[in-house]
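**Student:** Here it is, the structure, as structure tokens.
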Amino acid sequence: MIRIAVLVSGGGTNLQALIDSDLQHGKIELVVSSRSDAYALARAANAGIKGAVCRRKDYDDQDAYDQALIALLRENEIDMVVLAGFLSILGPAFIAAYPDKILNIHPSLIPSFCGKGYYGLRVHEAALERGVKVTGATVHLVNEIPDGGRIILQKAVAVQEGDTPEVLQRRVMEEAEWILLPKATEMLAEKLEEEKNASC
Ligand code: GRF
């Protein structure tokens with residue numbers, strides 16, 4: 001079993017989708033929130049999963065924050081990381097500690113509406129402003145380029161007449177994010193489990 005940490009900052013509906021999915025090759029052992037008031041922490045507690053808070057503002061610089069996160073994950077023997085609406089920036093040290101072992105979900109079809117400044121509702125506002133008829137979600141591996149790592153899964157979602165950013169966000173979550181993230185998590189956990197067994 002691959003030991004998974006899920007990093008969150010908000011409501012945690014993607015975390016809930018992971019909790020509700022029947023992962024065969026991984027287990028969520030830890031939920032780390034960058035905010036102490038994130039509802040995602042309550043979801044973790046309700047599921048009997050250990051929760052922790054690690055806030056960027058409690059550290060002097062990016063590297064100190066990265067080191068604190070790495071230490072927390074190492075203490076819990078975490079093999080793989082899933083970013084599920086995590087809004088703090090991860091620095092090079094953290095990314096190097098989990099090479100090709102960090103997944104992120106982004107609410108658009110990368111390379112559209114991604115990179116610096118495109119997070120949360122802003123992504124859907126930009127899609128509506130541009131007038132696209134199709135948007136969606138992408139799960140990708142995390143490297144040092146924001147939203148630039150290898151794409152693992154994508155799913156398209158139709159934009160409908162009269163959509164507001166909130167309505168579109170909800171549809172993208174329901175039709176794409178909550179399906180893709182558990183699926184990609186299982187795929188990566190299975191691959192890491194095979195590698196782990198091969199090295200034993
Ligand atoms: C999702 O739209 C995700 O794609 C984005 O942030 C949102 C998080 O929502 N990166 P939740 O906290 O999982 O409900």
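Simple scheme: letters A, B, ... for chains in structure tokens order, numbers from 1 for residues in each chain, numbers from 1 for ligands in the order shown.
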Throw together the list of residues within 7 Å of ligand 1, counting only C-alpha atoms and all ligand atoms, and drop it here as a list in words.
**Tutor:**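 Residues satisfying the distance criterion: Val8, Ser9, Gly10, Gly11, Gly12, Thr13, Asn14, Leu15, Ala40, Ala84, Gly85, Phe86, Ile105, His106, Pro107, Tyr119, Gly120, Gln169, Met173 and Glu177 of chain A.
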**Student:** Would you mind listing what lies within 9 Å of Cys54 of chain A as a list in words, with only C-alpha atoms counted and same-chain residues fewer than 5 positions away left out?
**Tutor:** Val32, Ser33, Ser34, Arg35, Ser36, Tyr65, Ala68, Leu69 and Leu72 of chain A
**Student:** Kindly export the residues of the current selection with N, CA and C atoms, as a PDB file, in the first residue's frame.
**Tutor:**
ATOM      1  N   VAL A  32      -2.889  17.518   4.974  1.00  0.00           N
ATOM      2  CA  VAL A  32      -2.191  18.724   5.448  1.00  0.00           C
ATOM      3  C   VAL A  32      -2.894  19.929   4.846  1.00  0.00           C
ATOM      4  N   SER A  33      -3.285  20.864   5.708  1.00  0.00           N
ATOM      5  CA  SER A  33      -3.947  22.071   5.227  1.00  0.00           C
ATOM      6  C   SER A  33      -3.048  23.283   5.423  1.00  0.00           C
ATOM      7  N   SER A  34      -3.083  24.198   4.444  1.00  0.00           N
ATOM      8  CA  SER A  34      -2.325  25.441   4.575  1.00  0.00           C
ATOM      9  C   SER A  34      -3.131  26.486   5.338  1.00  0.00           C
ATOM     10  N   ARG A  35      -4.370  26.142   5.699  1.00  0.00           N
ATOM     11  CA  ARG A  35      -5.216  27.055   6.500  1.00  0.00           C
ATOM     12  C   ARG A  35      -5.836  26.269   7.633  1.00  0.00           C
ATOM     13  N   SER A  36      -5.871  26.908   8.829  1.00  0.00           N
ATOM     14  CA  SER A  36      -6.408  26.175   9.975  1.00  0.00           C
ATOM     15  C   SER A  36      -7.927  26.050   9.917  1.00  0.00           C
ATOM     16  N   TYR A  65       9.546  26.717   4.726  1.00  0.00           N
ATOM     17  CA  TYR A  65       8.203  26.105   4.612  1.00  0.00           C
ATOM     18  C   TYR A  65       8.304  24.722   3.968  1.00  0.00           C
ATOM     19  N   ALA A  68       9.658  22.213   6.401  1.00  0.00           N
ATOM     20  CA  ALA A  68       8.671  21.818   7.414  1.00  0.00           C
ATOM     21  C   ALA A  68       7.691  20.801   6.832  1.00  0.00           C
ATOM     22  N   LEU A  69       7.264  21.048   5.598  1.00  0.00           N
ATOM     23  CA  LEU A  69       6.334  20.112   4.950  1.00  0.00           C
ATOM     24  C   LEU A  69       7.015  18.761   4.711  1.00  0.00           C
ATOM     25  N   LEU A  72       7.232  16.847   7.958  1.00  0.00           N
ATOM     26  CA  LEU A  72       5.916  16.314   8.337  1.00  0.00           C
ATOM     27  C   LEU A  72       5.580  15.064   7.516  1.00  0.00           C
TER      28      LEU A  72
END
**Student:** I want to know what sits within 8 Å of segment 180-183 of chain A, based on only C-alpha atoms, with residues of the same chain fewer than 3 positions away left out; could you give that as a compact mmCIF listing (two decimals) with C-alpha atoms, in the first residue's frame?
**Tutor:**
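Output saved as result_26.txt:
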# COMPACT_ATOMS: atom_id res chain seq x y z
CA ASN A 14 -11.77 16.69 -4.14
CA ALA A 17 -13.98 12.24 -3.70
CA LEU A 18 -10.68 10.54 -2.84
CA SER A 21 -13.21 6.19 -3.81
CA LEU A 23 -8.35 3.00 -3.65
CA ILE A 105 -5.81 18.78 -10.21
CA ALA A 137 -10.10 19.47 -15.80
CA THR A 138 -6.56 18.12 -15.90
CA VAL A 139 -4.59 15.96 -13.50
CA LEU A 153 -5.66 12.57 -17.34
CA GLN A 154 -8.00 15.13 -18.86
CA LYS A 155 -11.75 15.33 -19.24
CA ALA A 176 -14.54 15.94 -14.29
CA GLU A 177 -12.51 16.66 -11.13
CA GLU A 186 -5.01 5.04 -8.21
CA MET A 187 -2.92 4.91 -11.40
**Student:** If you measure from atom CA of Gly117 of chain A to atom CA of Leu73 of chain A, what distance in Å do you get, rounded to one decimal?
**Tutor:** 27.1 Å
**Student:** Write out as a ChimeraX atom specification each polymer residue whose atoms come within 12 Å of Gly149 of chain A, counting only C-alpha atoms; drop sequence neighbours fewer than 4 positions from it.
**Tutor:** /A:95,99-106,110-111,114-115,138-145,153
**Student:** Could you save those same residues with N, CA, C and O atoms as a PDB file, in the first residue's frame?
**Tutor:**
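Ended up saving to result.pdb:
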ATOM      1  N   ILE A  95       9.496  19.809  -4.251  1.00  0.00           N
ATOM      2  CA  ILE A  95       9.270  19.082  -5.507  1.00  0.00           C
ATOM      3  C   ILE A  95      10.370  18.036  -5.716  1.00  0.00           C
ATOM      4  O   ILE A  95      10.098  16.904  -6.135  1.00  0.00           O
ATOM      5  N   PRO A  99       9.964  13.439  -6.452  1.00  0.00           N
ATOM      6  CA  PRO A  99      10.006  13.544  -7.916  1.00  0.00           C
ATOM      7  C   PRO A  99       9.008  12.608  -8.594  1.00  0.00           C
ATOM      8  O   PRO A  99       8.982  11.409  -8.294  1.00  0.00           O
ATOM      9  N   ASP A 100       8.183  13.151  -9.471  1.00  0.00           N
ATOM     10  CA  ASP A 100       7.149  12.381 -10.178  1.00  0.00           C
ATOM     11  C   ASP A 100       6.216  11.640  -9.216  1.00  0.00           C
ATOM     12  O   ASP A 100       5.653  10.595  -9.557  1.00  0.00           O
ATOM     13  N   LYS A 101       6.083  12.202  -8.021  1.00  0.00           N
ATOM     14  CA  LYS A 101       5.217  11.568  -7.016  1.00  0.00           C
ATOM     15  C   LYS A 101       4.203  12.565  -6.460  1.00  0.00           C
ATOM     16  O   LYS A 101       3.619  12.335  -5.402  1.00  0.00           O
ATOM     17  N   ILE A 102       4.042  13.699  -7.157  1.00  0.00           N
ATOM     18  CA  ILE A 102       3.065  14.707  -6.719  1.00  0.00           C
ATOM     19  C   ILE A 102       2.066  14.926  -7.848  1.00  0.00           C
ATOM     20  O   ILE A 102       2.444  15.262  -8.978  1.00  0.00           O
ATOM     21  N   LEU A 103       0.783  14.755  -7.532  1.00  0.00           N
ATOM     22  CA  LEU A 103      -0.287  15.005  -8.501  1.00  0.00           C
ATOM     23  C   LEU A 103      -0.998  16.295  -8.143  1.00  0.00           C
ATOM     24  O   LEU A 103      -1.161  16.619  -6.967  1.00  0.00           O
ATOM     25  N   ASN A 104      -1.455  17.010  -9.169  1.00  0.00           N
ATOM     26  CA  ASN A 104      -2.285  18.191  -8.945  1.00  0.00           C
ATOM     27  C   ASN A 104      -3.493  18.120  -9.859  1.00  0.00           C
ATOM     28  O   ASN A 104      -3.417  17.593 -10.962  1.00  0.00           O
ATOM     29  N   ILE A 105      -4.619  18.660  -9.351  1.00  0.00           N
ATOM     30  CA  ILE A 105      -5.806  18.776 -10.207  1.00  0.00           C
ATOM     31  C   ILE A 105      -5.998  20.241 -10.544  1.00  0.00           C
ATOM     32  O   ILE A 105      -5.944  21.099  -9.666  1.00  0.00           O
ATOM     33  N   HIS A 106      -6.176  20.510 -11.828  1.00  0.00           N
ATOM     34  CA  HIS A 106      -6.380  21.895 -12.277  1.00  0.00           C
ATOM     35  C   HIS A 106      -7.703  21.959 -13.055  1.00  0.00           C
ATOM     36  O   HIS A 106      -7.948  21.126 -13.936  1.00  0.00           O
ATOM     37  N   ILE A 110      -5.541  22.001 -19.587  1.00  0.00           N
ATOM     38  CA  ILE A 110      -4.184  22.538 -19.782  1.00  0.00           C
ATOM     39  C   ILE A 110      -3.765  22.243 -21.227  1.00  0.00           C
ATOM     40  O   ILE A 110      -4.018  21.132 -21.708  1.00  0.00           O
ATOM     41  N   PRO A 111      -3.198  23.168 -22.029  1.00  0.00           N
ATOM     42  CA  PRO A 111      -2.561  24.408 -21.595  1.00  0.00           C
ATOM     43  C   PRO A 111      -3.446  25.654 -21.590  1.00  0.00           C
ATOM     44  O   PRO A 111      -2.903  26.762 -21.535  1.00  0.00           O
ATOM     45  N   CYS A 114      -4.147  28.272 -17.478  1.00  0.00           N
ATOM     46  CA  CYS A 114      -3.328  27.672 -16.417  1.00  0.00           C
ATOM     47  C   CYS A 114      -2.086  28.522 -16.182  1.00  0.00           C
ATOM     48  O   CYS A 114      -1.845  29.488 -16.897  1.00  0.00           O
ATOM     49  N   GLY A 115      -1.328  28.143 -15.177  1.00  0.00           N
ATOM     50  CA  GLY A 115      -0.111  28.877 -14.831  1.00  0.00           C
ATOM     51  C   GLY A 115      -0.400  29.955 -13.801  1.00  0.00           C
ATOM     52  O   GLY A 115      -1.452  29.964 -13.163  1.00  0.00           O
ATOM     53  N   THR A 138      -7.798  18.838 -15.582  1.00  0.00           N
ATOM     54  CA  THR A 138      -6.557  18.121 -15.898  1.00  0.00           C
ATOM     55  C   THR A 138      -5.904  17.656 -14.606  1.00  0.00           C
ATOM     56  O   THR A 138      -5.793  18.438 -13.661  1.00  0.00           O
ATOM     57  N   VAL A 139      -5.469  16.412 -14.578  1.00  0.00           N
ATOM     58  CA  VAL A 139      -4.586  15.960 -13.497  1.00  0.00           C
ATOM     59  C   VAL A 139      -3.197  15.814 -14.099  1.00  0.00           C
ATOM     60  O   VAL A 139      -3.039  15.193 -15.155  1.00  0.00           O
ATOM     61  N   HIS A 140      -2.219  16.429 -13.431  1.00  0.00           N
ATOM     62  CA  HIS A 140      -0.852  16.383 -13.958  1.00  0.00           C
ATOM     63  C   HIS A 140       0.147  16.177 -12.829  1.00  0.00           C
ATOM     64  O   HIS A 140      -0.161  16.427 -11.658  1.00  0.00           O
ATOM     65  N   LEU A 141       1.332  15.738 -13.224  1.00  0.00           N
ATOM     66  CA  LEU A 141       2.422  15.636 -12.264  1.00  0.00           C
ATOM     67  C   LEU A 141       2.959  17.041 -12.011  1.00  0.00           C
ATOM     68  O   LEU A 141       2.893  17.900 -12.892  1.00  0.00           O
ATOM     69  N   VAL A 142       3.475  17.259 -10.810  1.00  0.00           N
ATOM     70  CA  VAL A 142       3.956  18.590 -10.452  1.00  0.00           C
ATOM     71  C   VAL A 142       5.462  18.664 -10.657  1.00  0.00           C
ATOM     72  O   VAL A 142       6.204  17.819 -10.144  1.00  0.00           O
ATOM     73  N   ASN A 143       5.873  19.668 -11.451  1.00  0.00           N
ATOM     74  CA  ASN A 143       7.308  19.971 -11.534  1.00  0.00           C
ATOM     75  C   ASN A 143       7.478  21.451 -11.190  1.00  0.00           C
ATOM     76  O   ASN A 143       6.568  22.062 -10.630  1.00  0.00           O
ATOM     77  N   GLU A 144       8.613  22.041 -11.550  1.00  0.00           N
ATOM     78  CA  GLU A 144       8.855  23.413 -11.095  1.00  0.00           C
ATOM     79  C   GLU A 144       8.108  24.472 -11.901  1.00  0.00           C
ATOM     80  O   GLU A 144       8.072  25.629 -11.518  1.00  0.00           O
ATOM     81  N   ILE A 145       7.497  24.079 -13.013  1.00  0.00           N
ATOM     82  CA  ILE A 145       6.734  25.037 -13.814  1.00  0.00           C
ATOM     83  C   ILE A 145       5.271  24.967 -13.367  1.00  0.00           C
ATOM     84  O   ILE A 145       4.683  23.877 -13.379  1.00  0.00           O
ATOM     85  N   LEU A 153      -4.282  12.777 -16.860  1.00  0.00           N
ATOM     86  CA  LEU A 153      -5.656  12.568 -17.343  1.00  0.00           C
ATOM     87  C   LEU A 153      -6.320  13.925 -17.605  1.00  0.00           C
ATOM     88  O   LEU A 153      -6.037  14.899 -16.904  1.00  0.00           O
TER      89      LEU A 153
END
